[in-house]
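Asks: Submitted below is the structure of interest, expressed as structure tokens.
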Amino acid sequence: MENAARTERSKYNRKFLAVLDGTDECAVAVTFAACRMRRTGGIVKLLVVIEPDDFQHWIGVENVMRAEAHAEATRWLDEAEARIKTFGDIPVEREIREGNKADELEAAIAEDKDISILVLASSKSTDGPGPLVSSIASRSADALPIPVAIVPGFLSDDQIEFLA
């Protein structure tokens with residue numbers, strides 16, 4: 001039973017997953033995950049999904065665009081990991097995947113049974129909660145076998161620390 005495997009692990013193997021996409025809200029999700037892991041123990045897992053639609057061109061151009069996308073993803077991961085380290089000695093795992101963001105997110109969660117919560121931050125915009133939050137919310141109820149924590153994107157670090 002898949003869900004039983006998720007409940008029978010040590011809290012120190014437990015992971016909070018934060019998805020990075022270059023938006024300001026990512027820092028909010030990362031901060032929340034770091035504060036919770038500092039308080040409860042566990043690992044912050046950082047995921048960047050590179051969507052292949054971004055480089056469907058001639059082969060030479062595609063290779064350059066893919067390399068640039070991976071470099072940008074690595075920069076986002078470096079920045080998020082540095083942010084986490086400001087909150088203490090919190091273990092971090094990093095992963096870069098290519099594909100549809102929602103599909104790859106589901107696959108990452110299915111493959112890593114230690115992921116116990118997906119942490120997302122809502123957009124600060126009045127246009128809606130943001131594309132990833134909207135995408136996850138529109139999927140079927142059984143698409144993710146874990147809770148999703150949606151943190152308001154406008155919260156300050158101090159507010160997040162208080163809540164976490």
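Labels for the structure tokens follow display order: chains A, B, ..., residues from 1 in each chain, ligands from 1.
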Would you pick out the contacts of segment 135-137 of chain A at 10 Å or less, using only C-alpha atoms, so that residues sharing its chain but fewer than 2 positions from it are not included, and give the list as a PyMOL selection string?
Replies: chain A and resi 101-103+105-106+120+129-133+139-141+143-144+148
Asks: Contacts of segment 19-33 of chain A at 8 Å or less, counting only C-alpha atoms, minus same-chain residues fewer than 3 places along, as JSON, numbers by chain?
Replies: {"A": [16, 36, 37, 44, 46, 47, 48, 49, 76, 77, 80, 83, 84, 119, 120, 121, 122, 123, 124, 151, 152, 153, 154, 155, 156, 157, 160, 161, 164]}
Asks: If you run DSSP on the backbone, which residues of segment 114-164 of chain A are strand (DSSP E), as an MDAnalysis selection string?
Replies: chainID A and resid 115:121 148:151
Asks: Near Ile146 of chain A, within 8 Å and counting only C-alpha atoms, which residues show up once chain neighbours fewer than 4 positions away are dropped, as number ranges by chain?
Replies: A: 115-118
Asks: Considering only C-alpha atoms, state which residue in the set A:Ala69, A:Ala82, A:Arg97, A:Ala18 is at the smallest distance from Ile150 of chain A.
Replies: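 Nearest candidate to Ile150 of chain A out of A:Ala69, A:Ala82, A:Arg97, A:Ala18: A:Ala18.
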Asks: Taking only segment 89-139 of chain A into account, list the residues labelled helix (DSSP H, G or I) by DSSP (computed from the backbone), as a list in words.
Replies: Lys101, Ala102, Asp103, Glu104, Leu105, Glu106, Ala107, Ala108, Ile109, Ala110, Glu111, Pro131, Leu132, Val133, Ser134, Ser135, Ile136, Ala137 and Ser138 of chain A
